[in-house]
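Colleague: Let me give you the structure first, and then I'll get to my questions.
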Amino acid sequence: MMDFTEEQLERYSRHILLEEVGVEGQEKLLSAKVLIVGAGGLGAPVSLYLAAAGVGTIGIVDNDVVDLSNLQRQVVHFHKDINVAKVESAKEKMLAINPDLVVKTYKKYLCADNIREIIKDYDFVVEGTDNFPAKFLINDACVMEGIPFSHGGILRFDGQAMTVVPGESSCYRCTFRNPPPPDAVPTCSQAGVLGAIAGMLGTIQATEALKYIIGVGDLLTDTLLSFDAKKMHFRKVKLQRQDDCPICGKNPTITELVDAEQAVCSI
Amino acid sequence: MNVSINGEAEEITAEQLSVGDLLKLKDVESPDMVSVQLNGAIVDRDSYDKTAINDKDEVEFLYFMGGGAGKC
């Protein structure tokens, strides 16, 4: 058993008080390694809450620098961080909240050539990217490596999340199969998004990561949670593993990773 | 026929109805951005017009949603 310092006991006291977490759960969090892909609207609240919760090792991937238009929702970045690499800005805030952590930064795009090598050291992946080739690549790599992950998407006033535990629950491809044609896709940068929606969805993703690590409750596995914040209407749709899924079905046709047509590496 | 669409019961006056018909009937703006689940099974995108919807079927339009950080 880990020896908690006085400071740790105080810092994590509201976790330790929870019957479902306690000292054991907090130890699991301190030993856990979570990778956040995307230091944007979703990655911002995820990184802040995972750091505050004491997730011992947090990796964060993003190749962008902070832009003025990000600050409406990406609450981990401050005005002073404009033009700073997002991963460095996020690291600074995470360590400012909790100096106990190890934060690993990856200022790069994830692509077929590097993703498995990066994710394999982590217990859980939080996917907060805005493009479908990356979402499918993360799904496929996590299925191949057997690493659970949380999918998140937001647009306008809506959000959706699902958690995938490879080998046990349906994957993103079971339901969504292939990236939609690039010209059909509205992104936040084209369609807009209410800033607080990123907080709503990001905290759901952070909660899923914490639940998985502690081993408490029911994950959003085989479930697509979606909400319409205009009406504050939440809905869960039951999903199931599909035998004909090209990556986790009975006869997988995807046996190696390839970058999709919107080459994520070359942007 | 009575069909459940995204959890809401709806009565549709039609003798025959395909998934493709229903997408048009419900004014789904960009069918490319929707995955259709019929009674728990995902319908192959190429089979929308030849997949029949029957009385008491449960249909879910599951929208692709991006969001988060750009270009990761």
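Each chain in the structure tokens gets a letter, A, B, ..., in the order shown, and its residues are numbered from 1; ligands are numbered from 1 in order too.
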From a DSSP calculation on the backbone, collect every residue of stretch 38-246 of chain A in helix (DSSP H, G or I) and output the set as a VMD selection string.
Modeller: chain A and resid 43 to 53 68 to 70 79 to 81 86 to 97 115 to 119 132 to 145 172 to 176 182 to 184 188 to 191 195 to 214
Colleague: Next, the residues of the selection above should be written as a PDB file, in the first residue's frame with C-alpha atoms.
Modeller:
ATOM      1  CA  GLY A  43      -9.215  18.039 -23.710  1.00  0.00           C
ATOM      2  CA  ALA A  44      -9.260  21.260 -21.656  1.00  0.00           C
ATOM      3  CA  PRO A  45     -11.755  20.198 -18.965  1.00  0.00           C
ATOM      4  CA  VAL A  46     -10.521  16.618 -19.149  1.00  0.00           C
ATOM      5  CA  SER A  47      -6.941  17.661 -18.417  1.00  0.00           C
ATOM      6  CA  LEU A  48      -7.961  19.983 -15.562  1.00  0.00           C
ATOM      7  CA  TYR A  49     -10.185  17.414 -13.853  1.00  0.00           C
ATOM      8  CA  LEU A  50      -7.814  14.479 -14.295  1.00  0.00           C
ATOM      9  CA  ALA A  51      -4.960  16.577 -12.907  1.00  0.00           C
ATOM     10  CA  ALA A  52      -7.067  17.700  -9.968  1.00  0.00           C
ATOM     11  CA  ALA A  53      -8.161  14.099  -9.349  1.00  0.00           C
ATOM     12  CA  LEU A  68      -7.484  33.625 -29.851  1.00  0.00           C
ATOM     13  CA  SER A  69     -10.617  31.877 -31.166  1.00  0.00           C
ATOM     14  CA  ASN A  70      -9.903  28.873 -28.897  1.00  0.00           C
ATOM     15  CA  HIS A  79      -4.985  34.834 -23.011  1.00  0.00           C
ATOM     16  CA  LYS A  80      -1.271  34.927 -22.251  1.00  0.00           C
ATOM     17  CA  ASP A  81      -0.859  31.533 -23.981  1.00  0.00           C
ATOM     18  CA  LYS A  86      -1.324  23.763 -26.611  1.00  0.00           C
ATOM     19  CA  VAL A  87       0.369  20.790 -24.976  1.00  0.00           C
ATOM     20  CA  GLU A  88       2.778  23.094 -23.114  1.00  0.00           C
ATOM     21  CA  SER A  89      -0.008  25.423 -22.052  1.00  0.00           C
ATOM     22  CA  ALA A  90      -2.082  22.483 -20.779  1.00  0.00           C
ATOM     23  CA  LYS A  91       0.922  20.977 -18.993  1.00  0.00           C
ATOM     24  CA  GLU A  92       1.621  24.240 -17.190  1.00  0.00           C
ATOM     25  CA  LYS A  93      -1.977  24.441 -15.869  1.00  0.00           C
ATOM     26  CA  MET A  94      -2.117  20.775 -14.864  1.00  0.00           C
ATOM     27  CA  LEU A  95       1.096  21.062 -12.862  1.00  0.00           C
ATOM     28  CA  ALA A  96      -0.058  24.356 -11.363  1.00  0.00           C
ATOM     29  CA  ILE A  97      -3.136  22.559 -10.011  1.00  0.00           C
ATOM     30  CA  ILE A 115      -0.193   6.014 -32.613  1.00  0.00           C
ATOM     31  CA  ARG A 116       0.308   2.481 -31.326  1.00  0.00           C
ATOM     32  CA  GLU A 117       3.726   3.311 -29.943  1.00  0.00           C
ATOM     33  CA  ILE A 118       2.283   6.309 -28.069  1.00  0.00           C
ATOM     34  CA  ILE A 119      -0.909   4.775 -26.673  1.00  0.00           C
ATOM     35  CA  PHE A 132     -13.214  11.773 -38.147  1.00  0.00           C
ATOM     36  CA  PRO A 133     -10.056  10.231 -39.587  1.00  0.00           C
ATOM     37  CA  ALA A 134      -8.434  10.776 -36.177  1.00  0.00           C
ATOM     38  CA  LYS A 135     -11.461   9.374 -34.343  1.00  0.00           C
ATOM     39  CA  PHE A 136     -11.409   6.210 -36.440  1.00  0.00           C
ATOM     40  CA  LEU A 137      -7.636   5.899 -36.168  1.00  0.00           C
ATOM     41  CA  ILE A 138      -7.838   6.162 -32.365  1.00  0.00           C
ATOM     42  CA  ASN A 139     -10.644   3.584 -32.289  1.00  0.00           C
ATOM     43  CA  ASP A 140      -8.722   1.144 -34.444  1.00  0.00           C
ATOM     44  CA  ALA A 141      -5.442   1.571 -32.566  1.00  0.00           C
ATOM     45  CA  CYS A 142      -7.157   1.195 -29.179  1.00  0.00           C
ATOM     46  CA  VAL A 143      -8.995  -1.938 -30.356  1.00  0.00           C
ATOM     47  CA  MET A 144      -5.695  -3.394 -31.617  1.00  0.00           C
ATOM     48  CA  GLU A 145      -3.847  -2.559 -28.394  1.00  0.00           C
ATOM     49  CA  TYR A 172     -16.877   3.278 -32.532  1.00  0.00           C
ATOM     50  CA  ARG A 173     -16.655   1.498 -35.872  1.00  0.00           C
ATOM     51  CA  CYS A 174     -19.415  -0.965 -34.909  1.00  0.00           C
ATOM     52  CA  THR A 175     -21.802   1.961 -35.025  1.00  0.00           C
ATOM     53  CA  PHE A 176     -20.194   4.471 -37.361  1.00  0.00           C
ATOM     54  CA  PRO A 182     -15.091  15.179 -45.854  1.00  0.00           C
ATOM     55  CA  ASP A 183     -17.389  17.611 -47.670  1.00  0.00           C
ATOM     56  CA  ALA A 184     -20.405  16.476 -45.600  1.00  0.00           C
ATOM     57  CA  CYS A 188     -16.922  23.427 -34.819  1.00  0.00           C
ATOM     58  CA  SER A 189     -14.830  25.878 -36.795  1.00  0.00           C
ATOM     59  CA  GLN A 190     -17.512  26.021 -39.491  1.00  0.00           C
ATOM     60  CA  ALA A 191     -20.737  25.404 -37.598  1.00  0.00           C
ATOM     61  CA  GLY A 195     -18.414  27.049 -25.300  1.00  0.00           C
ATOM     62  CA  ALA A 196     -19.950  25.488 -22.208  1.00  0.00           C
ATOM     63  CA  ILE A 197     -20.978  22.414 -24.245  1.00  0.00           C
ATOM     64  CA  ALA A 198     -17.289  21.482 -24.332  1.00  0.00           C
ATOM     65  CA  GLY A 199     -17.289  21.594 -20.541  1.00  0.00           C
ATOM     66  CA  MET A 200     -20.408  19.426 -20.303  1.00  0.00           C
ATOM     67  CA  LEU A 201     -19.053  16.748 -22.575  1.00  0.00           C
ATOM     68  CA  GLY A 202     -15.452  16.953 -21.376  1.00  0.00           C
ATOM     69  CA  THR A 203     -16.455  16.415 -17.769  1.00  0.00           C
ATOM     70  CA  ILE A 204     -18.519  13.387 -18.826  1.00  0.00           C
ATOM     71  CA  GLN A 205     -15.389  11.993 -20.504  1.00  0.00           C
ATOM     72  CA  ALA A 206     -13.236  12.758 -17.469  1.00  0.00           C
ATOM     73  CA  THR A 207     -15.803  11.011 -15.265  1.00  0.00           C
ATOM     74  CA  GLU A 208     -15.711   7.930 -17.492  1.00  0.00           C
ATOM     75  CA  ALA A 209     -11.909   7.798 -17.252  1.00  0.00           C
ATOM     76  CA  LEU A 210     -12.031   8.094 -13.449  1.00  0.00           C
ATOM     77  CA  LYS A 211     -14.799   5.466 -13.165  1.00  0.00           C
ATOM     78  CA  TYR A 212     -12.810   3.063 -15.319  1.00  0.00           C
ATOM     79  CA  ILE A 213      -9.648   3.508 -13.249  1.00  0.00           C
ATOM     80  CA  ILE A 214     -11.401   3.202  -9.897  1.00  0.00           C
TER      81      ILE A 214
END
Colleague: Counting only C-alpha atoms, which residues from chain B have an atom at most 12 Å from any atom of chain A, and could you show them as a CSV table (one decimal) with all heavy atoms, in the first residue's frame?
Modeller:
chain,number,residue,atom,x,y,z
B,5,ILE,N,-38.9,6.1,-33.5
B,5,ILE,CA,-37.8,6.8,-34.1
B,5,ILE,C,-37.1,7.6,-33.0
B,5,ILE,O,-37.7,8.5,-32.4
B,5,ILE,CB,-38.3,7.7,-35.3
B,5,ILE,CG1,-39.0,6.9,-36.3
B,5,ILE,CG2,-37.1,8.5,-35.9
B,5,ILE,CD1,-39.7,7.7,-37.4
B,6,ASN,N,-35.9,7.3,-32.8
B,6,ASN,CA,-35.1,7.9,-31.7
B,6,ASN,C,-35.9,7.9,-30.4
B,6,ASN,O,-35.9,8.9,-29.7
B,6,ASN,CB,-34.7,9.4,-32.1
B,6,ASN,CG,-33.7,9.4,-33.2
B,6,ASN,OD1,-33.1,8.3,-33.6
B,6,ASN,ND2,-33.4,10.6,-33.7
B,7,GLY,N,-36.5,6.8,-30.1
B,7,GLY,CA,-37.2,6.7,-28.9
B,7,GLY,C,-38.6,7.2,-28.8
B,7,GLY,O,-39.4,7.0,-27.9
B,8,GLU,N,-39.1,7.9,-29.9
B,8,GLU,CA,-40.4,8.5,-29.9
B,8,GLU,C,-41.3,7.6,-30.8
B,8,GLU,O,-40.9,7.3,-32.0
B,8,GLU,CB,-40.4,9.9,-30.5
B,8,GLU,CG,-39.4,10.9,-29.8
B,8,GLU,CD,-40.1,11.5,-28.6
B,8,GLU,OE1,-41.3,11.6,-28.6
B,8,GLU,OE2,-39.3,11.9,-27.7
B,29,GLU,N,-31.1,16.1,-43.0
B,29,GLU,CA,-30.5,17.0,-43.9
B,29,GLU,C,-29.3,16.4,-44.6
B,29,GLU,O,-29.1,16.4,-45.8
B,29,GLU,CB,-30.0,18.2,-43.2
B,29,GLU,CG,-30.9,19.4,-43.3
B,29,GLU,CD,-30.4,20.6,-42.6
B,29,GLU,OE1,-29.2,21.0,-42.8
B,29,GLU,OE2,-31.1,21.1,-41.7
B,30,SER,N,-28.4,15.8,-43.8
B,30,SER,CA,-27.2,15.1,-44.5
B,30,SER,C,-27.2,13.7,-44.1
B,30,SER,O,-26.6,13.3,-43.0
B,30,SER,CB,-25.9,15.8,-44.1
B,30,SER,OG,-26.1,16.8,-43.1
B,31,PRO,N,-27.8,12.8,-44.9
B,31,PRO,CA,-27.8,11.4,-44.6
B,31,PRO,C,-26.3,10.8,-44.4
B,31,PRO,O,-26.2,9.8,-43.7
B,31,PRO,CB,-28.5,10.7,-45.8
B,31,PRO,CG,-29.3,11.8,-46.4
B,31,PRO,CD,-28.5,13.1,-46.1
B,32,ASP,N,-25.4,11.5,-45.0
B,32,ASP,CA,-24.0,11.0,-44.9
B,32,ASP,C,-23.5,11.2,-43.4
B,32,ASP,O,-22.5,10.5,-43.0
B,32,ASP,CB,-23.1,11.9,-45.7
B,32,ASP,CG,-23.1,11.4,-47.2
B,32,ASP,OD1,-23.5,10.3,-47.5
B,32,ASP,OD2,-22.7,12.2,-48.1
B,33,MET,N,-24.2,12.0,-42.7
B,33,MET,CA,-23.7,12.3,-41.3
B,33,MET,C,-24.5,11.5,-40.3
B,33,MET,O,-24.5,11.8,-39.1
B,33,MET,CB,-23.8,13.8,-41.0
B,33,MET,CG,-22.9,14.7,-41.8
B,33,MET,SD,-21.2,14.2,-41.6
B,33,MET,CE,-20.9,14.6,-39.9
B,34,VAL,N,-25.2,10.4,-40.8
B,34,VAL,CA,-26.1,9.6,-39.9
B,34,VAL,C,-25.7,8.2,-40.1
B,34,VAL,O,-25.5,7.7,-41.2
B,34,VAL,CB,-27.6,9.9,-40.2
B,34,VAL,CG1,-28.4,9.0,-39.4
B,34,VAL,CG2,-28.0,11.3,-40.0
B,35,SER,N,-25.7,7.5,-38.9
B,35,SER,CA,-25.6,6.0,-39.0
B,35,SER,C,-27.0,5.5,-38.5
B,35,SER,O,-27.6,6.0,-37.6
B,35,SER,CB,-24.5,5.5,-38.1
B,35,SER,OG,-24.2,4.2,-38.3
B,36,VAL,N,-27.6,4.6,-39.3
B,36,VAL,CA,-28.9,4.1,-38.9
B,36,VAL,C,-28.9,2.8,-38.2
B,36,VAL,O,-28.3,1.8,-38.7
B,36,VAL,CB,-29.8,4.0,-40.2
B,36,VAL,CG1,-31.2,3.5,-39.9
B,36,VAL,CG2,-29.9,5.4,-40.9
B,37,GLN,N,-29.5,2.7,-37.1
B,37,GLN,CA,-29.6,1.5,-36.3
B,37,GLN,C,-31.1,1.0,-36.4
B,37,GLN,O,-32.0,1.8,-36.0
B,37,GLN,CB,-29.2,1.6,-34.9
B,37,GLN,CG,-29.2,0.4,-34.1
B,37,GLN,CD,-28.6,0.6,-32.6
B,37,GLN,OE1,-27.5,0.3,-32.4
B,37,GLN,NE2,-29.4,1.1,-31.7
B,38,LEU,N,-31.3,-0.2,-36.9
B,38,LEU,CA,-32.7,-0.7,-37.0
B,38,LEU,C,-32.7,-2.0,-36.1
B,38,LEU,O,-32.0,-3.0,-36.4
B,38,LEU,CB,-32.9,-1.1,-38.5
B,38,LEU,CG,-34.2,-1.8,-38.8
B,38,LEU,CD1,-35.4,-0.9,-38.5
B,38,LEU,CD2,-34.3,-2.1,-40.3
B,39,ASN,N,-33.6,-1.9,-35.1
B,39,ASN,CA,-33.7,-3.0,-34.1
B,39,ASN,C,-32.4,-3.5,-33.6
B,39,ASN,O,-32.1,-4.7,-33.5
B,39,ASN,CB,-34.5,-4.2,-34.8
B,39,ASN,CG,-35.9,-3.7,-35.2
B,39,ASN,OD1,-36.5,-2.8,-34.6
B,39,ASN,ND2,-36.4,-4.3,-36.3
B,40,GLY,N,-31.5,-2.6,-33.4
B,40,GLY,CA,-30.2,-3.0,-32.8
B,40,GLY,C,-29.1,-3.2,-33.7
B,40,GLY,O,-27.9,-3.3,-33.3
B,41,ALA,N,-29.4,-3.4,-35.0
B,41,ALA,CA,-28.3,-3.7,-36.0
B,41,ALA,C,-28.1,-2.5,-36.9
B,41,ALA,O,-29.0,-1.7,-37.2
B,41,ALA,CB,-28.8,-4.9,-36.9
B,42,ILE,N,-26.8,-2.2,-37.1
B,42,ILE,CA,-26.5,-1.1,-38.0
B,42,ILE,C,-26.8,-1.4,-39.5
B,42,ILE,O,-26.3,-2.5,-39.9
B,42,ILE,CB,-25.0,-0.7,-37.8
B,42,ILE,CG1,-24.7,-0.3,-36.3
B,42,ILE,CG2,-24.6,0.4,-38.8
B,42,ILE,CD1,-25.4,0.9,-35.8
B,43,VAL,N,-27.5,-0.6,-40.1
B,43,VAL,CA,-27.8,-0.8,-41.5
B,43,VAL,C,-26.7,-0.4,-42.4
B,43,VAL,O,-26.2,0.8,-42.3
B,43,VAL,CB,-29.1,-0.1,-41.9
B,43,VAL,CG1,-29.5,-0.4,-43.4
B,43,VAL,CG2,-30.3,-0.4,-41.0
B,44,ASP,N,-26.3,-1.2,-43.3
B,44,ASP,CA,-25.2,-0.9,-44.3
B,44,ASP,C,-25.7,0.3,-45.1
B,44,ASP,O,-26.8,0.3,-45.6
B,44,ASP,CB,-24.9,-2.1,-45.1
B,44,ASP,CG,-23.7,-1.9,-46.0
B,44,ASP,OD1,-22.7,-1.5,-45.4
B,44,ASP,OD2,-23.8,-2.2,-47.2
B,45,ARG,N,-24.8,1.3,-45.2
B,45,ARG,CA,-25.1,2.5,-45.9
B,45,ARG,C,-25.6,2.3,-47.4
B,45,ARG,O,-26.5,3.0,-47.9
B,45,ARG,CB,-23.8,3.4,-46.0
B,45,ARG,CG,-24.0,4.8,-46.1
B,45,ARG,CD,-22.7,5.6,-45.8
B,45,ARG,NE,-22.6,5.7,-44.3
B,45,ARG,CZ,-23.3,6.7,-43.7
B,45,ARG,NH1,-24.1,7.5,-44.3
B,45,ARG,NH2,-23.1,6.8,-42.3
B,58,GLU,N,-37.8,-0.5,-34.4
B,58,GLU,CA,-37.2,0.6,-33.6
B,58,GLU,C,-36.0,1.2,-34.4
B,58,GLU,O,-35.1,0.4,-34.8
B,58,GLU,CB,-36.6,0.1,-32.3
B,58,GLU,CG,-37.8,-0.2,-31.3
B,58,GLU,CD,-37.3,-0.7,-30.0
B,58,GLU,OE1,-36.1,-0.6,-29.7
B,58,GLU,OE2,-38.2,-1.2,-29.2
B,59,VAL,N,-36.1,2.4,-34.8
B,59,VAL,CA,-35.1,3.0,-35.6
B,59,VAL,C,-34.4,4.1,-34.8
B,59,VAL,O,-35.0,4.9,-34.1
B,59,VAL,CB,-35.7,3.7,-36.9
B,59,VAL,CG1,-34.6,4.2,-37.8
B,59,VAL,CG2,-36.6,2.7,-37.6
B,60,GLU,N,-33.0,4.2,-35.0
B,60,GLU,CA,-32.3,5.2,-34.3
B,60,GLU,C,-31.4,5.9,-35.4
B,60,GLU,O,-30.7,5.2,-36.2
B,60,GLU,CB,-31.3,4.7,-33.3
B,60,GLU,CG,-32.0,4.1,-32.0
B,60,GLU,CD,-32.5,5.1,-31.1
B,60,GLU,OE1,-32.2,6.3,-31.2
B,60,GLU,OE2,-33.3,4.7,-30.2
B,61,PHE,N,-31.5,7.2,-35.5
B,61,PHE,CA,-30.6,8.0,-36.3
B,61,PHE,C,-29.4,8.4,-35.4
B,61,PHE,O,-29.7,9.2,-34.5
B,61,PHE,CB,-31.3,9.2,-36.9
B,61,PHE,CG,-32.4,8.9,-37.9
B,61,PHE,CD1,-33.5,9.6,-37.9
B,61,PHE,CD2,-32.3,7.8,-38.8
B,61,PHE,CE1,-34.6,9.3,-38.8
B,61,PHE,CE2,-33.3,7.5,-39.6
B,61,PHE,CZ,-34.5,8.2,-39.7
B,62,LEU,N,-28.3,7.9,-35.6
B,62,LEU,CA,-27.1,8.2,-34.8
B,62,LEU,C,-26.2,9.2,-35.5
B,62,LEU,O,-25.6,8.8,-36.6
B,62,LEU,CB,-26.4,6.9,-34.4
B,62,LEU,CG,-27.3,5.9,-33.7
B,62,LEU,CD1,-26.6,4.5,-33.6
B,62,LEU,CD2,-27.8,6.3,-32.4
B,63,TYR,N,-26.1,10.4,-35.0
B,63,TYR,CA,-25.3,11.4,-35.8
B,63,TYR,C,-23.8,11.3,-35.5
B,63,TYR,O,-23.4,11.2,-34.4
B,63,TYR,CB,-25.9,12.8,-35.4
B,63,TYR,CG,-27.2,13.0,-36.1
B,63,TYR,CD1,-28.4,12.6,-35.5
B,63,TYR,CD2,-27.3,13.7,-37.3
B,63,TYR,CE1,-29.6,12.8,-36.1
B,63,TYR,CE2,-28.5,13.9,-37.9
B,63,TYR,CZ,-29.7,13.5,-37.3
B,63,TYR,OH,-30.9,13.7,-38.0
B,64,PHE,N,-23.1,11.5,-36.6
B,64,PHE,CA,-21.6,11.7,-36.5
B,64,PHE,C,-21.4,13.0,-35.8
B,64,PHE,O,-22.0,14.0,-36.2
B,64,PHE,CB,-21.0,11.8,-37.8
B,64,PHE,CG,-20.7,10.4,-38.5
B,64,PHE,CD1,-21.5,9.8,-39.4
B,64,PHE,CD2,-19.5,9.8,-38.2
B,64,PHE,CE1,-21.3,8.6,-40.0
B,64,PHE,CE2,-19.2,8.6,-38.8
B,64,PHE,CZ,-20.1,8.0,-39.7
B,65,MET,N,-20.6,13.1,-34.8
B,65,MET,CA,-20.3,14.4,-34.1
B,65,MET,C,-18.8,14.5,-33.9
B,65,MET,O,-18.2,13.6,-33.3
B,65,MET,CB,-21.1,14.4,-32.8
B,65,MET,CG,-21.5,15.8,-32.5
B,65,MET,SD,-22.6,15.8,-31.1
B,65,MET,CE,-24.1,15.3,-31.9
B,66,GLY,N,-18.2,15.6,-34.4
B,66,GLY,CA,-16.8,15.8,-34.2
B,66,GLY,C,-16.5,16.5,-33.0
B,66,GLY,O,-16.8,16.1,-31.9
B,67,GLY,N,-16.0,17.8,-33.1
B,67,GLY,CA,-15.8,18.6,-31.9
B,67,GLY,C,-14.5,18.4,-31.3
B,67,GLY,O,-13.7,17.5,-31.7
B,68,GLY,N,-14.2,19.1,-30.2
B,68,GLY,CA,-12.9,19.0,-29.5
B,68,GLY,C,-11.9,19.8,-30.3
B,68,GLY,O,-12.1,20.9,-30.7
B,69,ALA,N,-10.7,19.2,-30.3
B,69,ALA,CA,-9.5,19.9,-30.8
B,69,ALA,C,-9.4,19.7,-32.3
B,69,ALA,O,-9.7,18.6,-32.8
B,69,ALA,CB,-8.3,19.5,-30.1
B,70,GLY,N,-8.9,20.7,-33.0
B,70,GLY,CA,-8.7,20.5,-34.4
B,70,GLY,C,-7.4,19.8,-34.8
B,70,GLY,O,-6.4,19.9,-34.0
B,71,LYS,N,-7.4,19.1,-35.8
B,71,LYS,CA,-6.2,18.5,-36.4
B,71,LYS,C,-5.3,17.8,-35.5
B,71,LYS,O,-4.1,18.1,-35.3
B,71,LYS,CB,-5.4,19.6,-37.1
B,71,LYS,CG,-6.2,20.3,-38.3
B,71,LYS,CD,-5.4,21.3,-39.0
B,71,LYS,CE,-5.1,22.5,-38.1
B,71,LYS,NZ,-4.3,23.6,-38.7
B,72,CYS,N,-5.8,16.8,-34.8
B,72,CYS,CA,-4.9,16.0,-33.9
B,72,CYS,C,-4.5,14.7,-34.6
B,72,CYS,O,-5.4,14.0,-34.9
B,72,CYS,CB,-5.6,15.7,-32.6
B,72,CYS,SG,-5.7,17.2,-31.7
Colleague: Please identify which residues in stretch 46-185 of chain A DSSP calls strand (DSSP E) from the backbone, and express them as an MDAnalysis selection string.
Modeller: chainID A and resid 57:61 102:106 124:127 149:155 158:164
Colleague: May I have the residues within 6 Å of stretch 251-261 of chain A as a list in words, using only C-alpha atoms and disregarding those fewer than 4 positions away in the same chain?
Modeller: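 With the cut-off at 6 Å, the set is Ala112, Pro133, Pro246 and Ile247 of chain A.
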Colleague: Using only C-alpha atoms, which residue out of A:Gly54, A:Gly215, A:Gly25, A:Gly249 lies closest to A:Pro166?
Modeller: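 The answer is A:Gly249, which sits nearest to A:Pro166.
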Colleague: Contacts of B:Glu15 at 10 Å or less, counting only C-alpha atoms, minus same-chain residues fewer than 5 places along, as a short mmCIF file (atom, residue, chain, number, x, y, z; two decimals) with N, CA, C and O atoms, in the first residue's frame?
Modeller:
data_model
loop_
_atom_site.label_atom_id
_atom_site.label_comp_id
_atom_site.auth_asym_id
_atom_site.auth_seq_id
_atom_site.Cartn_x
_atom_site.Cartn_y
_atom_site.Cartn_z
N MET B 1 -48.20 2.24 -40.17
CA MET B 1 -47.44 1.41 -39.23
C MET B 1 -46.92 2.27 -38.08
O MET B 1 -46.77 3.48 -38.22
N ASN B 54 -40.59 -2.19 -40.86
CA ASN B 54 -41.88 -2.84 -40.61
C ASN B 54 -42.52 -2.31 -39.33
O ASN B 54 -41.87 -1.62 -38.53
N ASP B 55 -43.78 -2.65 -39.19
CA ASP B 55 -44.54 -2.24 -38.01
C ASP B 55 -43.77 -2.64 -36.74
O ASP B 55 -43.22 -3.74 -36.67
#
